[in-house]
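File shown: run23.json (JSON, C-alpha atoms).
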```
[["chain", "number", "residue", "atom", "x", "y", "z"],
["W", 660, "MET", "CA", 17.52, 8.73, -3.72],
["W", 661, "THR", "CA", 13.87, 8.58, -2.56],
["W", 662, "LYS", "CA", 13.30, 12.16, -3.75],
["W", 663, "ASP", "CA", 14.84, 11.37, -7.18],
["W", 664, "LEU", "CA", 12.73, 8.24, -7.55],
["W", 665, "ALA", "CA", 9.57, 10.12, -6.57],
["W", 666, "ARG", "CA", 10.38, 12.90, -9.03],
["W", 667, "ASP", "CA", 10.97, 10.44, -11.88],
["W", 668, "PHE", "CA", 7.73, 8.64, -11.03],
["W", 669, "VAL", "CA", 5.65, 11.85, -11.04],
["W", 670, "PHE", "CA", 7.33, 13.27, -14.17],
["W", 671, "GLY", "CA", 6.76, 10.02, -16.09],
["W", 672, "ASN", "CA", 10.48, 9.35, -16.59],
["W", 673, "LEU", "CA", 10.22, 5.63, -15.75],
["W", 674, "SER", "CA", 9.52, 2.66, -17.97],
["W", 675, "PRO", "CA", 6.18, 0.91, -17.38],
["W", 676, "GLY", "CA", 8.00, -1.86, -15.45],
["W", 677, "GLU", "CA", 9.89, 0.63, -13.28],
["W", 678, "ARG", "CA", 6.70, 2.60, -12.72],
["W", 679, "GLY", "CA", 4.97, -0.57, -11.52],
["W", 680, "GLU", "CA", 7.84, -1.31, -9.13],
["W", 681, "VAL", "CA", 7.66, 2.19, -7.64],
["W", 682, "ALA", "CA", 3.86, 1.97, -7.36],
["W", 683, "ARG", "CA", 4.26, -1.29, -5.39],
["W", 684, "ALA", "CA", 7.14, 0.10, -3.30],
["W", 685, "ARG", "CA", 5.15, 3.16, -2.23],
["W", 686, "LEU", "CA", 2.58, 0.84, -0.64],
["W", 687, "SER", "CA", 5.08, -0.17, 2.04],
["W", 688, "ASN", "CA", 7.37, 2.86, 2.02],
["W", 689, "ALA", "CA", 5.70, 5.83, 3.70],
["W", 690, "GLU", "CA", 8.66, 8.11, 2.92],
["W", 691, "LEU", "CA", 8.47, 7.37, -0.83],
["W", 692, "ASP", "CA", 4.69, 7.77, -0.77],
["W", 693, "ALA", "CA", 5.02, 11.16, 0.98],
["W", 694, "GLU", "CA", 7.63, 12.35, -1.55],
["W", 695, "ILE", "CA", 5.38, 11.37, -4.47],
["W", 696, "ARG", "CA", 2.42, 13.15, -2.89],
["W", 697, "GLU", "CA", 4.54, 16.27, -2.33],
["W", 698, "PHE", "CA", 5.67, 16.39, -5.98],
["W", 699, "GLU", "CA", 2.08, 15.86, -7.13],
["W", 700, "ALA", "CA", 0.87, 18.69, -4.89],
["W", 701, "GLN", "CA", 3.59, 21.03, -6.19],
["W", 702, "LEU", "CA", 2.66, 20.29, -9.80],
["W", 703, "ALA", "CA", -1.11, 20.51, -9.33],
["W", 704, "PRO", "CA", -1.28, 24.28, -10.05],
["W", 705, "LEU", "CA", 0.29, 23.66, -13.47],
["W", 706, "THR", "CA", -2.66, 21.60, -14.67],
["W", 707, "GLY", "CA", -4.38, 24.74, -15.98],
["W", 708, "ALA", "CA", -1.25, 26.22, -17.58],
["W", 709, "ALA", "CA", -2.16, 25.04, -21.10],
["W", 710, "GLY", "CA", -4.96, 27.60, -21.28],
["W", 711, "ASP", "CA", -8.48, 26.98, -22.55],
["W", 712, "ILE", "CA", -8.71, 23.93, -24.75],
["W", 713, "PRO", "CA", -12.17, 22.91, -25.85],
["W", 714, "PRO", "CA", -13.13, 19.43, -24.65],
["W", 715, "PRO", "CA", -13.76, 16.70, -27.20],
["W", 716, "PRO", "CA", -17.36, 16.23, -28.29],
["W", 717, "ALA", "CA", -19.54, 14.19, -25.88],
["W", 718, "LEU", "CA", -16.85, 14.23, -23.17],
["W", 719, "PHE", "CA", -19.34, 15.26, -20.50],
["W", 720, "ASP", "CA", -21.67, 12.39, -21.47],
["W", 721, "ARG", "CA", -18.76, 9.92, -21.28],
["W", 722, "ILE", "CA", -17.81, 11.22, -17.83],
["W", 723, "ILE", "CA", -21.39, 10.89, -16.56],
["W", 724, "ASP", "CA", -21.60, 7.35, -18.01],
["W", 725, "ALA", "CA", -18.32, 6.40, -16.29],
["W", 726, "ILE", "CA", -19.53, 7.78, -12.94],
["W", 727, "ASP", "CA", -22.83, 5.93, -13.30],
["W", 728, "GLU", "CA", -21.00, 2.68, -14.11],
["W", 729, "HIS", "CA", -18.71, 3.19, -11.13],
["W", 730, "ASP", "CA", -21.70, 3.77, -8.84],
["W", 731, "ARG", "CA", -23.49, 0.64, -10.17],
["W", 732, "GLU", "CA", -20.37, -1.52, -9.70],
["W", 733, "LEU", "CA", -19.75, -0.36, -6.14],
["W", 734, "ALA", "CA", -23.37, -0.16, -4.94],
["W", 735, "GLY", "CA", -23.61, -1.85, -1.53],
["W", 736, "LYS", "CA", -19.88, -2.61, -1.46],
["W", 737, "THR", "CA", -17.01, -1.13, 0.50],
["W", 738, "ALA", "CA", -13.97, 0.11, -1.39],
["W", 739, "GLN", "CA", -10.91, 1.82, 0.05],
["W", 740, "GLY", "CA", -7.64, 2.78, -1.60],
["W", 741, "ILE", "CA", -4.30, 2.09, 0.08],
["W", 742, "ASP", "CA", -3.90, 5.84, 0.66],
["W", 743, "GLU", "CA", -7.31, 6.12, 2.33],
["W", 744, "GLY", "CA", -8.12, 5.19, 5.90],
["W", 745, "ILE", "CA", -6.08, 5.77, 9.02],
["W", 746, "TRP", "CA", -2.58, 4.36, 9.52],
["W", 747, "LEU", "CA", -1.63, 4.29, 13.20],
["W", 748, "PRO", "CA", 1.89, 3.99, 14.60],
["W", 749, "TRP", "CA", 2.24, 0.55, 16.19],
["W", 750, "LEU", "CA", 5.92, -0.36, 16.66],
["W", 751, "PRO", "CA", 9.11, 1.44, 15.60],
["W", 752, "GLY", "CA", 8.99, 1.62, 11.79],
["W", 753, "ILE", "CA", 5.59, -0.11, 11.62],
["W", 754, "GLU", "CA", 2.14, 1.38, 11.03],
["W", 755, "ALA", "CA", -1.13, -0.55, 11.26],
["W", 756, "ARG", "CA", -4.49, -0.07, 9.61],
["W", 757, "ARG", "CA", -7.64, -1.97, 10.62],
["W", 758, "MET", "CA", -9.46, -3.66, 7.78],
["W", 759, "TRP", "CA", -12.86, -5.42, 7.76],
["W", 760, "THR", "CA", -12.64, -6.89, 11.28],
["W", 761, "PRO", "CA", -10.72, -5.88, 14.41],
["W", 762, "ARG", "CA", -8.54, -8.98, 13.89],
["W", 763, "THR", "CA", -7.68, -8.16, 10.26],
["W", 764, "VAL", "CA", -5.01, -5.51, 9.75],
["W", 765, "MET", "CA", -2.50, -4.27, 7.25],
["W", 766, "LEU", "CA", 0.98, -3.49, 8.48],
["W", 767, "ARG", "CA", 3.18, -1.03, 6.59],
["W", 768, "CYS", "CA", 6.75, -1.77, 7.64],
["W", 769, "GLN", "CA", 9.71, 0.48, 6.87],
["W", 770, "PRO", "CA", 13.03, -1.09, 5.83],
["W", 771, "GLY", "CA", 14.67, -2.81, 8.81],
["W", 772, "ALA", "CA", 11.49, -2.90, 10.93],
["W", 773, "VAL", "CA", 11.19, -5.81, 13.37],
["W", 774, "LEU", "CA", 8.11, -7.61, 14.68],
["W", 775, "PRO", "CA", 9.20, -8.89, 18.10],
["W", 776, "ALA", "CA", 8.93, -12.55, 19.06],
["W", 777, "HIS", "CA", 5.51, -13.52, 20.37],
["W", 778, "ASP", "CA", 3.17, -16.42, 21.06],
["W", 779, "HIS", "CA", -0.10, -16.87, 19.21],
["W", 780, "ASP", "CA", -3.40, -17.08, 21.06],
["W", 781, "GLU", "CA", -5.10, -17.74, 17.72],
["W", 782, "ASP", "CA", -4.14, -18.73, 14.18],
["W", 783, "GLU", "CA", -2.28, -15.90, 12.45],
["W", 784, "HIS", "CA", -2.45, -15.74, 8.64],
["W", 785, "ILE", "CA", -0.09, -13.41, 6.77],
["W", 786, "ILE", "CA", 0.01, -12.52, 3.08],
["W", 787, "VAL", "CA", 2.87, -10.37, 1.84],
["W", 788, "VAL", "CA", 1.31, -7.72, -0.40],
["W", 789, "SER", "CA", 4.60, -6.08, -1.34],
["W", 790, "GLY", "CA", 8.25, -6.11, -0.29],
["W", 791, "ASP", "CA", 9.98, -8.79, 1.76],
["W", 792, "PHE", "CA", 9.22, -10.34, 5.15],
["W", 793, "VAL", "CA", 11.62, -12.71, 6.92],
["W", 794, "VAL", "CA", 10.30, -15.32, 9.37],
["W", 795, "GLY", "CA", 12.50, -18.09, 10.77],
["W", 796, "GLY", "CA", 15.21, -17.37, 8.21],
["W", 797, "ARG", "CA", 12.84, -17.73, 5.23],
["W", 798, "THR", "CA", 12.17, -14.69, 3.07],
["W", 799, "PHE", "CA", 8.58, -14.24, 1.93],
["W", 800, "ARG", "CA", 7.82, -11.95, -1.01],
["W", 801, "ALA", "CA", 4.72, -10.45, -2.66],
["W", 802, "GLY", "CA", 1.97, -13.05, -2.88],
["W", 803, "ASP", "CA", 3.58, -15.44, -0.37],
["W", 804, "TYR", "CA", 1.57, -16.79, 2.56],
["W", 805, "HIS", "CA", 2.63, -17.71, 6.11],
["W", 806, "CYS", "CA", 0.53, -19.15, 8.94],
["W", 807, "SER", "CA", 1.47, -19.45, 12.60],
["W", 808, "PRO", "CA", -1.06, -21.71, 14.33],
["W", 809, "LYS", "CA", -2.48, -21.02, 17.77],
["W", 810, "GLY", "CA", 0.03, -21.87, 20.51],
["W", 811, "ASN", "CA", 2.96, -21.71, 18.08],
["W", 812, "PRO", "CA", 5.59, -19.16, 19.17],
["W", 813, "HIS", "CA", 8.09, -17.63, 16.78],
["W", 814, "GLY", "CA", 11.14, -15.44, 17.10],
["W", 815, "ASN", "CA", 11.63, -11.95, 15.71],
["W", 816, "ALA", "CA", 10.39, -11.40, 12.15],
["W", 817, "PHE", "CA", 11.67, -8.50, 10.08],
["W", 818, "THR", "CA", 11.84, -6.84, 6.69],
["W", 819, "ARG", "CA", 15.00, -5.87, 4.87],
["W", 820, "GLY", "CA", 13.58, -3.48, 2.28],
["W", 821, "GLY", "CA", 10.15, -2.70, 3.71],
["W", 822, "CYS", "CA", 6.85, -4.49, 3.23],
["W", 823, "LEU", "CA", 3.09, -4.31, 3.27],
["W", 824, "LEU", "CA", 1.43, -7.23, 5.08],
["W", 825, "LEU", "CA", -2.18, -8.35, 5.33],
["W", 826, "ILE", "CA", -2.68, -10.19, 8.64],
["W", 827, "GLN", "CA", -5.80, -11.96, 9.84],
["W", 828, "CYS", "CA", -6.07, -13.69, 13.20],
["W", 829, "LEU", "CA", -8.72, -16.38, 13.66],
["W", 830, "ALA", "CA", -9.70, -18.19, 16.85]]
```
Spell out the structure here as structure tokens.
Amino acid sequence: MTKDLARDFVFGNLSPGERGEVARARLSNAELDAEIREFEAQLAPLTGAAGDIPPPPALFDRIIDAIDEHDRELAGKTAQGIDEGIWLPWLPGIEARRMWTPRTVMLRCQPGAVLPAHDHDEDEHIIVVSGDFVVGGRTFRAGDYHCSPKGNPHGNAFTRGGCLLLIQCLA
């Protein structure tokens, strides 16, 4: 099913709503993301198959203007796509990526992954970026926020369908 979904995504066979759902799902589903990348790589050689088509007038100038605007907007800032950076294996079915501080990470959790019970030495703030995350019997979804204060233990937390979490720990 993942391969079929990836194929339909890459071939443009999905409605805009479905395409958005798959784009969000690939954030937390490494297998789906890998399948999409594989299809894209297989199709890349076909991009020149149409032959020589003259570019529209002033296309080069528009490209240069867009690059200049991009450079002005991002000057002095840090920007990183979800597919950039290093994801490291952390727990079974869970990968972690450090963000702007050592205590700020993203977790990419495969369906069924479990975060074991633990105590908190500092306040832990979690935002669900995509998917579902279950803590204490409550299901959190994209955009939901959960905080476990310092000294507050909790039991196992898990995801049913996979998730992408942004976690920041503060003393």
Across W:His779, W:Arg797, W:Arg721, W:Arg757, the smallest distance to Ile741 in chain W, with only C-alpha atoms counted, is shown by W:Arg757
Can you tell me, as a JSON list (two decimals) with C-alpha atoms, in the coordinates of the input, what residues are no more than 12 Å from Glu743 in chain W when counting only C-alpha atoms, ignoring any on the same chain fewer than 2 positions away?
```json
[["chain", "number", "residue", "atom", "x", "y", "z"],
["W", 686, "LEU", "CA", 2.58, 0.84, -0.64],
["W", 738, "ALA", "CA", -13.97, 0.11, -1.39],
["W", 739, "GLN", "CA", -10.91, 1.82, 0.05],
["W", 740, "GLY", "CA", -7.64, 2.78, -1.60],
["W", 741, "ILE", "CA", -4.30, 2.09, 0.08],
["W", 745, "ILE", "CA", -6.08, 5.77, 9.02],
["W", 746, "TRP", "CA", -2.58, 4.36, 9.52],
["W", 756, "ARG", "CA", -4.49, -0.07, 9.61],
["W", 757, "ARG", "CA", -7.64, -1.97, 10.62],
["W", 758, "MET", "CA", -9.46, -3.66, 7.78]]
```
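If all atoms listed in the file are the atoms counted, then among W:Asp667, W:Glu732, W:Asp803, W:Asp778 the closest residue to Asn815 in chain W is W:Asp778.
Counting from CA of Ser789 in chain W, the distance to CA of Val669 in chain W is 20.4 Å.
The smallest atom-to-atom distance between His777 in chain W and any of W:Leu691, W:Ile826, W:Ala816, W:Ala684, using only C-alpha atoms, is found for W:Ala816.
Atom to atom, CA of Ser674 in chain W and CA of Pro770 in chain W stand 24.3 Å apart.
Here CA of Phe698 in chain W is placed at a distance of 29.6 Å from CA of Ile723 in chain W.
Closest approach to Gln769 in chain W among W:Ala700, W:Leu705, W:Ile712, W:Leu823: W:Leu823, based on all atoms listed in the file.
For Pro748 in chain W, the residues within 12 Å (counting all atoms listed in the file, excluding itself and residues fewer than 6 positions away along the chain) are W:Ala689, W:Glu754, W:Ala755, W:Arg756, W:Arg757, W:Met765, W:Leu766, W:Arg767, W:Cys768, W:Gln769.
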Show me, as number ranges by chain, the residues that have an atom within 8 Å of Gly814 in chain W when counting only C-alpha atoms, minus same-chain residues fewer than 2 positions from it.
W: 775-777, 794-795, 812, 816
Contacts of Leu825 in chain W within 8 Å, all atoms listed in the file, excl. fewer than 2 positions in-chain, as a PDB file with C-alpha atoms, in the coordinates of the input:
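In the end it all went to part_28.pdb:
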```pdb
ATOM      1  CA  THR W 763      -7.680  -8.160  10.260  1.00  0.00           C
ATOM      2  CA  VAL W 764      -5.010  -5.510   9.750  1.00  0.00           C
ATOM      3  CA  MET W 765      -2.500  -4.270   7.250  1.00  0.00           C
ATOM      4  CA  LEU W 766       0.980  -3.490   8.480  1.00  0.00           C
ATOM      5  CA  ILE W 785      -0.090 -13.410   6.770  1.00  0.00           C
ATOM      6  CA  ILE W 786       0.010 -12.520   3.080  1.00  0.00           C
ATOM      7  CA  VAL W 787       2.870 -10.370   1.840  1.00  0.00           C
ATOM      8  CA  VAL W 788       1.310  -7.720  -0.400  1.00  0.00           C
ATOM      9  CA  LEU W 823       3.090  -4.310   3.270  1.00  0.00           C
ATOM     10  CA  GLN W 827      -5.800 -11.960   9.840  1.00  0.00           C
TER      11      GLN W 827
END
```
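Among the candidates W:Asn811, W:Thr760, W:Thr798, W:Ser687, the one nearest to Asp782 in chain W when counting all atoms listed in the file is W:Asn811.
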Since the input is missing atoms, can you rebuild N, CA and C atoms for range 744-775 of chain W and write them as a compact mmCIF listing (two decimals), in the frame of the given file?
```
# COMPACT_ATOMS: atom_id res chain seq x y z
N GLY W 744 -8.09 5.84 4.59
CA GLY W 744 -8.12 5.19 5.90
C GLY W 744 -7.03 5.75 6.80
N ILE W 745 -7.00 5.23 8.00
CA ILE W 745 -6.08 5.77 9.02
C ILE W 745 -4.98 4.75 9.32
N TRP W 746 -3.75 5.16 9.14
CA TRP W 746 -2.58 4.36 9.52
C TRP W 746 -2.14 4.84 10.90
N LEU W 747 -2.03 3.93 11.84
CA LEU W 747 -1.63 4.29 13.20
C LEU W 747 -0.25 3.74 13.50
N PRO W 748 0.60 4.52 14.19
CA PRO W 748 1.89 3.99 14.60
C PRO W 748 1.67 2.81 15.56
N TRP W 749 2.42 1.73 15.35
CA TRP W 749 2.24 0.55 16.19
C TRP W 749 3.53 0.18 16.90
N LEU W 750 4.58 -0.06 16.14
CA LEU W 750 5.92 -0.36 16.66
C LEU W 750 6.90 0.51 15.89
N PRO W 751 8.14 0.63 16.36
CA PRO W 751 9.11 1.44 15.60
C PRO W 751 9.19 0.98 14.14
N GLY W 752 8.92 1.91 13.22
CA GLY W 752 8.99 1.62 11.79
C GLY W 752 7.81 0.84 11.24
N ILE W 753 6.76 0.68 12.06
CA ILE W 753 5.59 -0.11 11.62
C ILE W 753 4.31 0.67 11.91
N GLU W 754 3.46 0.78 10.88
CA GLU W 754 2.14 1.38 11.03
C GLU W 754 1.10 0.30 10.76
N ALA W 755 -0.05 0.43 11.41
CA ALA W 755 -1.13 -0.55 11.26
C ALA W 755 -2.41 0.15 10.82
N ARG W 756 -3.19 -0.57 10.04
CA ARG W 756 -4.49 -0.07 9.61
C ARG W 756 -5.51 -1.21 9.71
N ARG W 757 -6.58 -0.97 10.46
CA ARG W 757 -7.64 -1.97 10.62
C ARG W 757 -8.37 -2.12 9.30
N MET W 758 -8.72 -3.38 9.00
CA MET W 758 -9.46 -3.66 7.78
C MET W 758 -10.91 -4.00 8.12
N TRP W 759 -11.43 -5.11 7.63
CA TRP W 759 -12.86 -5.42 7.76
C TRP W 759 -13.27 -6.00 9.10
N THR W 760 -12.33 -6.46 9.93
CA THR W 760 -12.64 -6.89 11.28
C THR W 760 -11.54 -6.37 12.20
N PRO W 761 -11.78 -6.32 13.50
CA PRO W 761 -10.72 -5.88 14.41
C PRO W 761 -9.49 -6.80 14.37
N ARG W 762 -9.65 -8.03 13.91
CA ARG W 762 -8.54 -8.98 13.89
C ARG W 762 -7.93 -9.11 12.50
N THR W 763 -8.28 -8.20 11.60
CA THR W 763 -7.68 -8.16 10.26
C THR W 763 -7.05 -6.80 10.09
N VAL W 764 -5.74 -6.77 9.87
CA VAL W 764 -5.01 -5.51 9.75
C VAL W 764 -4.02 -5.57 8.60
N MET W 765 -3.64 -4.39 8.16
CA MET W 765 -2.50 -4.27 7.25
C MET W 765 -1.39 -3.63 8.07
N LEU W 766 -0.19 -4.11 7.86
CA LEU W 766 0.98 -3.49 8.48
C LEU W 766 1.84 -2.93 7.37
N ARG W 767 2.24 -1.67 7.51
CA ARG W 767 3.18 -1.03 6.59
C ARG W 767 4.49 -0.90 7.35
N CYS W 768 5.48 -1.67 6.92
CA CYS W 768 6.75 -1.77 7.64
C CYS W 768 7.87 -1.10 6.84
N GLN W 769 8.57 -0.19 7.48
CA GLN W 769 9.71 0.48 6.87
C GLN W 769 10.90 -0.48 6.80
N PRO W 770 11.85 -0.23 5.90
CA PRO W 770 13.03 -1.09 5.83
C PRO W 770 13.69 -1.25 7.20
N GLY W 771 14.01 -2.50 7.55
CA GLY W 771 14.67 -2.81 8.81
C GLY W 771 13.73 -2.99 9.99
N ALA W 772 12.44 -2.78 9.82
CA ALA W 772 11.49 -2.90 10.93
C ALA W 772 11.43 -4.35 11.42
N VAL W 773 11.21 -4.49 12.73
CA VAL W 773 11.19 -5.81 13.37
C VAL W 773 9.86 -6.01 14.10
N LEU W 774 9.25 -7.16 13.87
CA LEU W 774 8.11 -7.61 14.68
C LEU W 774 8.69 -8.50 15.77
N PRO W 775 8.58 -8.12 17.03
CA PRO W 775 9.20 -8.89 18.10
C PRO W 775 8.60 -10.29 18.23
```
